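K.L.:
I am attaching a structure below and will ask some questions about it afterwards.
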Amino acid sequence: MHSGLDFGATDAPVADTAPFDHDTPLGEPTDAPPPYHSVVLQSTNSVEPPSTSGRQPGSGMYGVPANSDFSIRVTDPVRQGEGVAAYVSYKVITRTSAPGYRQQAEVIRRFKDFVWLQQRLRHELRGVVVPPLPERNVLEKYKMTTEFIEQRRAALTVFINRVAAHPALRGSHELQLFLEASETEFAIEVSRSQVVDPAVGQGAAKKTLTGAVTFLRELSHTASNLYHKRTDDEEEDAEYLRVRAYYHELERHLAEAHRQASRLVRHQQEMGESVREFGVSMAALGRYEESGLIADSFGQLADRADTVAQLCSKTSASLASCFEAPLKEFVRGVRAVKKVCEDRSAALAAYQQARGDVDVRRQRLAKLRGTPGIREERVSEAERDLSDAQQRAEAAKATYETIVQRMSGELDRFQRERAAEMNYVMRDFAVAQARVSDDTARLWGSLVTASAG
């Protein structure tokens, strides 16, 4: 574990400090935004998802491991700016007993800060399955609906708690910086990291150029493989290839399960609305009837229907947060595994390309040495080129082997944790469905008892 970092005095409430504009060059003054407390958005569901049925009360929520040394809340979303330039900032409140961290911290972060953290962790710890972030949605971001903001806030809470509970990520300098540094200090460190590593946070033009160069190299490598009738996977472990194929199929099945869960939530919403409208019609019919007994029966039916409609609405909200959302996060998690697998494949391809480059330069050097009357300067230059190529090949080999070593434990950890959480989610779903069916039957049954009386 790293030593504690001193980011200066942060005991003052973060809400009273002027957020740092990440788009403004360092050293230039920025205009203060409106007071934080004056623009906090009202969440449609400020309560976190309930504990899973397999855990003791208070031992942890979905996505927040019960044995973690961290308790991190992403709360109080605030809309900043207008139009396409608008964004939402959040309070990130940390309580922890982890060595090297302050016991309490409160900072302001926006979505792109979470993205930076994820990118840095992926870059620094290749081969580690970094928890997924919620997808970018340009259309919803422009609308900035309360529902969209709440869903993103909940997903960010799951993300940051997963990172803090991960054995390989919890001790990273980047995580501590994210959780403890003030906005100005955080922006400075982000800027420095982009200078040191241009691959993180580079502009669109640089990304396009880098992508073009990478594409050409991969194209040459692919052509070479086709010519020699070989594939990159020939050097991979057979068991790993089976696991990789499993995750590709798992994503497809999980995505379909999530799609059906979304349909179930919509169905529950529509059922509640239909029962409510039915109850309204029964109440109107009861007022129209002159007979007291018939009018009372219709009135009782309307009352039960209204109660059942409220139950359906509550069940729909519960399904969305405790069943549909976890399934969607499971899909994101599998995609995170696939991304690590893609990084491993890219590292292997880079190693193979580097080895091919060594062979080419070795052949060139041998040819020069066998040429009568060749100048010594050209031979020396070819020897330096070969030495440089060999160093690049060794570096590429070390990178690939590091990824393989990290992944050997990561895939097992990921599978065990997701299997346990999936079991909790499925159990909670079954219990919730049984409970709502029992409550609905009891409500309609009370109407039968009242009618018989």
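Labels used: A, B, ... for chains in the order of the structure tokens, numbers from 1 for residues in each chain, and numbers from 1 for ligands as shown.
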Can you tell me, as a list in words, what residues are no more than 12 Å from Gly370 of chain A when counting only C-alpha atoms, ignoring any on the same chain fewer than 6 positions away?

P.N.:
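The residues that qualify are Gln363, Arg364 and Val379 of chain A.
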
K.L.:
Residues near segment 161-172 of chain A, anyone? I mean within 10 Å using only C-alpha atoms, not counting same-chain ones fewer than 4 positions away, as JSON, numbers by chain.

P.N.:
{"A": [1, 2, 3, 63, 64, 65, 66, 67, 68, 69, 70, 71, 72, 73, 74, 94, 96, 98, 99, 100, 101, 117, 118, 120, 121, 122, 124, 125, 128, 129, 130, 131, 132, 156, 157, 176, 177, 179, 406, 410, 413]}

K.L.:
How close does segment 95-194 of chain A get to segment 299-322 of chain A? List, as a Markdown table, each residue of segment 95-194 of chain A within 12 Å, its nearest atom pair and the distance in Å to one decimal, counting only C-alpha atoms.

P.N.:
| residue | atom | partner | partner_atom | distance |
| --- | --- | --- | --- | --- |
| A:Glu147 | CA | A:Ala320 | CA | 11.5 |
| A:Glu150 | CA | A:Ser321 | CA | 10.6 |
| A:Gln151 | CA | A:Ser321 | CA | 8.7 |
| A:Arg152 | CA | A:Ser321 | CA | 11.9 |
| A:Ala154 | CA | A:Ser321 | CA | 9.0 |
| A:Ala155 | CA | A:Ser321 | CA | 10.4 |

K.L.:
Any chance you can output those residues with C-alpha atoms as a PDB file, in the first residue's frame?

P.N.:
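Result saved to selection-v6.pdb:
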ATOM      1  CA  GLU A 147     -34.295   9.700 -14.289  1.00  0.00           C
ATOM      2  CA  GLU A 150     -30.320   9.226 -11.053  1.00  0.00           C
ATOM      3  CA  GLN A 151     -29.465   6.093 -13.017  1.00  0.00           C
ATOM      4  CA  ARG A 152     -25.991   7.430 -13.776  1.00  0.00           C
ATOM      5  CA  ALA A 154     -26.346   4.953  -8.948  1.00  0.00           C
ATOM      6  CA  ALA A 155     -24.068   3.340 -11.568  1.00  0.00           C
TER       7      ALA A 155
END

K.L.:
For Gln353 of chain A, which residue among A:Arg332, A:Leu386, A:Ala419, A:Arg392 is the nearest when counting only C-alpha atoms?

P.N.:
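For Gln353 of chain A, the nearest of the candidates is A:Arg392.
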
K.L.:
Would you pick out the contacts of Leu241 of chain A at 12 Å or less, using only C-alpha atoms, so that residues sharing its chain but fewer than 5 positions from it are not included, and give the list as a PDB file with all heavy atoms, in the first residue's frame?

P.N.:
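Output (selection_11.pdb):
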ATOM      1  N   ASP A 232      -2.624 -15.426 -34.553  1.00  0.00           N
ATOM      2  CA  ASP A 232      -2.024 -15.017 -33.275  1.00  0.00           C
ATOM      3  C   ASP A 232      -2.375 -15.992 -32.160  1.00  0.00           C
ATOM      4  O   ASP A 232      -1.586 -16.213 -31.231  1.00  0.00           O
ATOM      5  CB  ASP A 232      -2.511 -13.611 -32.901  1.00  0.00           C
ATOM      6  CG  ASP A 232      -1.990 -12.546 -33.850  1.00  0.00           C
ATOM      7  OD1 ASP A 232      -1.010 -12.834 -34.559  1.00  0.00           O
ATOM      8  OD2 ASP A 232      -2.569 -11.439 -33.869  1.00  0.00           O
ATOM      9  N   ASP A 233      -3.582 -16.580 -32.246  1.00  0.00           N
ATOM     10  CA  ASP A 233      -4.046 -17.449 -31.167  1.00  0.00           C
ATOM     11  C   ASP A 233      -3.264 -18.754 -31.058  1.00  0.00           C
ATOM     12  O   ASP A 233      -3.429 -19.487 -30.074  1.00  0.00           O
ATOM     13  CB  ASP A 233      -5.532 -17.769 -31.357  1.00  0.00           C
ATOM     14  CG  ASP A 233      -6.411 -16.564 -31.074  1.00  0.00           C
ATOM     15  OD1 ASP A 233      -5.917 -15.618 -30.434  1.00  0.00           O
ATOM     16  OD2 ASP A 233      -7.591 -16.576 -31.497  1.00  0.00           O
ATOM     17  N   GLU A 234      -2.444 -19.063 -32.052  1.00  0.00           N
ATOM     18  CA  GLU A 234      -1.672 -20.302 -32.000  1.00  0.00           C
ATOM     19  C   GLU A 234      -0.722 -20.323 -30.800  1.00  0.00           C
ATOM     20  O   GLU A 234      -0.349 -21.394 -30.313  1.00  0.00           O
ATOM     21  CB  GLU A 234      -0.868 -20.486 -33.293  1.00  0.00           C
ATOM     22  CG  GLU A 234      -1.734 -20.787 -34.510  1.00  0.00           C
ATOM     23  CD  GLU A 234      -0.914 -20.903 -35.790  1.00  0.00           C
ATOM     24  OE1 GLU A 234       0.328 -20.748 -35.696  1.00  0.00           O
ATOM     25  OE2 GLU A 234      -1.506 -21.134 -36.852  1.00  0.00           O
ATOM     26  N   GLU A 235      -0.337 -19.152 -30.321  1.00  0.00           N
ATOM     27  CA  GLU A 235       0.582 -19.072 -29.181  1.00  0.00           C
ATOM     28  C   GLU A 235      -0.154 -18.938 -27.851  1.00  0.00           C
ATOM     29  O   GLU A 235       0.474 -18.880 -26.796  1.00  0.00           O
ATOM     30  CB  GLU A 235       1.543 -17.899 -29.360  1.00  0.00           C
ATOM     31  CG  GLU A 235       2.442 -18.010 -30.571  1.00  0.00           C
ATOM     32  CD  GLU A 235       3.481 -16.906 -30.621  1.00  0.00           C
ATOM     33  OE1 GLU A 235       3.925 -16.455 -29.547  1.00  0.00           O
ATOM     34  OE2 GLU A 235       3.843 -16.477 -31.734  1.00  0.00           O
ATOM     35  N   GLU A 236      -1.482 -18.861 -27.905  1.00  0.00           N
ATOM     36  CA  GLU A 236      -2.258 -18.703 -26.676  1.00  0.00           C
ATOM     37  C   GLU A 236      -2.542 -20.054 -26.036  1.00  0.00           C
ATOM     38  O   GLU A 236      -2.564 -21.096 -26.696  1.00  0.00           O
ATOM     39  CB  GLU A 236      -3.589 -17.996 -26.965  1.00  0.00           C
ATOM     40  CG  GLU A 236      -3.473 -16.490 -27.134  1.00  0.00           C
ATOM     41  CD  GLU A 236      -3.191 -15.763 -25.829  1.00  0.00           C
ATOM     42  OE1 GLU A 236      -2.838 -16.431 -24.829  1.00  0.00           O
ATOM     43  OE2 GLU A 236      -3.318 -14.529 -25.819  1.00  0.00           O
ATOM     44  N   TYR A 246     -16.175 -18.354 -23.941  1.00  0.00           N
ATOM     45  CA  TYR A 246     -17.289 -18.401 -22.990  1.00  0.00           C
ATOM     46  C   TYR A 246     -17.803 -17.005 -22.692  1.00  0.00           C
ATOM     47  O   TYR A 246     -19.024 -16.770 -22.672  1.00  0.00           O
ATOM     48  CB  TYR A 246     -16.821 -19.083 -21.702  1.00  0.00           C
ATOM     49  CG  TYR A 246     -17.689 -18.805 -20.499  1.00  0.00           C
ATOM     50  CD1 TYR A 246     -18.902 -19.448 -20.322  1.00  0.00           C
ATOM     51  CD2 TYR A 246     -17.279 -17.880 -19.538  1.00  0.00           C
ATOM     52  CE1 TYR A 246     -19.702 -19.189 -19.218  1.00  0.00           C
ATOM     53  CE2 TYR A 246     -18.065 -17.612 -18.430  1.00  0.00           C
ATOM     54  CZ  TYR A 246     -19.281 -18.269 -18.276  1.00  0.00           C
ATOM     55  OH  TYR A 246     -20.068 -17.994 -17.187  1.00  0.00           O
ATOM     56  N   TYR A 247     -16.905 -16.034 -22.478  1.00  0.00           N
ATOM     57  CA  TYR A 247     -17.340 -14.681 -22.151  1.00  0.00           C
ATOM     58  C   TYR A 247     -18.004 -13.999 -23.348  1.00  0.00           C
ATOM     59  O   TYR A 247     -18.918 -13.177 -23.173  1.00  0.00           O
ATOM     60  CB  TYR A 247     -16.162 -13.848 -21.648  1.00  0.00           C
ATOM     61  CG  TYR A 247     -15.872 -14.082 -20.182  1.00  0.00           C
ATOM     62  CD1 TYR A 247     -14.736 -14.773 -19.769  1.00  0.00           C
ATOM     63  CD2 TYR A 247     -16.760 -13.633 -19.212  1.00  0.00           C
ATOM     64  CE1 TYR A 247     -14.486 -15.008 -18.434  1.00  0.00           C
ATOM     65  CE2 TYR A 247     -16.516 -13.862 -17.867  1.00  0.00           C
ATOM     66  CZ  TYR A 247     -15.381 -14.551 -17.483  1.00  0.00           C
ATOM     67  OH  TYR A 247     -15.147 -14.787 -16.145  1.00  0.00           O
ATOM     68  N   HIS A 248     -17.579 -14.331 -24.549  1.00  0.00           N
ATOM     69  CA  HIS A 248     -18.246 -13.770 -25.724  1.00  0.00           C
ATOM     70  C   HIS A 248     -19.697 -14.247 -25.800  1.00  0.00           C
ATOM     71  O   HIS A 248     -20.610 -13.460 -26.103  1.00  0.00           O
ATOM     72  CB  HIS A 248     -17.492 -14.162 -26.997  1.00  0.00           C
ATOM     73  CG  HIS A 248     -16.338 -13.264 -27.310  1.00  0.00           C
ATOM     74  ND1 HIS A 248     -15.143 -13.328 -26.631  1.00  0.00           N
ATOM     75  CD2 HIS A 248     -16.195 -12.257 -28.222  1.00  0.00           C
ATOM     76  CE1 HIS A 248     -14.308 -12.410 -27.107  1.00  0.00           C
ATOM     77  NE2 HIS A 248     -14.925 -11.756 -28.067  1.00  0.00           N
ATOM     78  N   LYS A 338     -14.015  -8.667 -21.621  1.00  0.00           N
ATOM     79  CA  LYS A 338     -13.691  -8.759 -23.045  1.00  0.00           C
ATOM     80  C   LYS A 338     -12.649  -7.714 -23.449  1.00  0.00           C
ATOM     81  O   LYS A 338     -11.784  -7.977 -24.289  1.00  0.00           O
ATOM     82  CB  LYS A 338     -14.950  -8.586 -23.883  1.00  0.00           C
ATOM     83  CG  LYS A 338     -15.897  -9.776 -23.835  1.00  0.00           C
ATOM     84  CD  LYS A 338     -17.133  -9.525 -24.683  1.00  0.00           C
ATOM     85  CE  LYS A 338     -16.789  -9.272 -26.124  1.00  0.00           C
ATOM     86  NZ  LYS A 338     -17.987  -9.008 -26.948  1.00  0.00           N
ATOM     87  N   CYS A 341      -9.353  -8.979 -22.523  1.00  0.00           N
ATOM     88  CA  CYS A 341      -8.957 -10.012 -23.490  1.00  0.00           C
ATOM     89  C   CYS A 341      -8.461  -9.372 -24.791  1.00  0.00           C
ATOM     90  O   CYS A 341      -7.483  -9.834 -25.390  1.00  0.00           O
ATOM     91  CB  CYS A 341     -10.130 -10.936 -23.782  1.00  0.00           C
ATOM     92  SG  CYS A 341     -10.638 -11.981 -22.388  1.00  0.00           S
ATOM     93  N   GLU A 342      -9.133  -8.305 -25.221  1.00  0.00           N
ATOM     94  CA  GLU A 342      -8.695  -7.598 -26.426  1.00  0.00           C
ATOM     95  C   GLU A 342      -7.322  -6.964 -26.220  1.00  0.00           C
ATOM     96  O   GLU A 342      -6.479  -6.965 -27.120  1.00  0.00           O
ATOM     97  CB  GLU A 342      -9.723  -6.521 -26.785  1.00  0.00           C
ATOM     98  CG  GLU A 342     -11.058  -7.079 -27.258  1.00  0.00           C
ATOM     99  CD  GLU A 342     -12.133  -6.003 -27.348  1.00  0.00           C
ATOM    100  OE1 GLU A 342     -11.819  -4.820 -27.064  1.00  0.00           O
ATOM    101  OE2 GLU A 342     -13.274  -6.335 -27.696  1.00  0.00           O
ATOM    102  N   ARG A 344      -5.032  -8.091 -24.223  1.00  0.00           N
ATOM    103  CA  ARG A 344      -4.074  -9.202 -24.245  1.00  0.00           C
ATOM    104  C   ARG A 344      -3.756  -9.600 -25.687  1.00  0.00           C
ATOM    105  O   ARG A 344      -2.589  -9.831 -26.024  1.00  0.00           O
ATOM    106  CB  ARG A 344      -4.653 -10.391 -23.480  1.00  0.00           C
ATOM    107  CG  ARG A 344      -3.825 -11.665 -23.574  1.00  0.00           C
ATOM    108  CD  ARG A 344      -4.321 -12.690 -22.583  1.00  0.00           C
ATOM    109  NE  ARG A 344      -3.700 -13.999 -22.765  1.00  0.00           N
ATOM    110  CZ  ARG A 344      -3.737 -14.976 -21.868  1.00  0.00           C
ATOM    111  NH1 ARG A 344      -4.366 -14.785 -20.712  1.00  0.00           N
ATOM    112  NH2 ARG A 344      -3.167 -16.142 -22.107  1.00  0.00           N
ATOM    113  N   SER A 345      -4.782  -9.673 -26.529  1.00  0.00           N
ATOM    114  CA  SER A 345      -4.561 -10.014 -27.932  1.00  0.00           C
ATOM    115  C   SER A 345      -3.703  -8.960 -28.623  1.00  0.00           C
ATOM    116  O   SER A 345      -2.816  -9.281 -29.424  1.00  0.00           O
ATOM    117  CB  SER A 345      -5.899 -10.161 -28.656  1.00  0.00           C
ATOM    118  OG  SER A 345      -6.657 -11.228 -28.115  1.00  0.00           O
TER     119      SER A 345
END

K.L.:
From the options A:Ser193, A:Gln405, A:Gln352, A:Asn137, which residue's atoms come nearest to Tyr240 of chain A, counting only C-alpha atoms?

P.N.:
A:Gln405

K.L.:
Just how far from atom CA of Arg416 of chain A is atom CA of Leu348 of chain A, in Å to one decimal?

P.N.:
26.7 Å

K.L.:
Given the choices A:Ala325, A:Glu417, A:Val358, A:Ser262, which gets closest to Arg384 of chain A if the distance is worked out from only C-alpha atoms?

P.N.:
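With only C-alpha atoms as the atom set, the closest residue is A:Val358.
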
K.L.:
Calculate how many Å separate atom CA of Ala181 of chain A from atom CA of Ile149 of chain A, rounding to one decimal.

P.N.:
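Computed distance, atom CA of Ala181 of chain A to atom CA of Ile149 of chain A, equals 23.9 Å.
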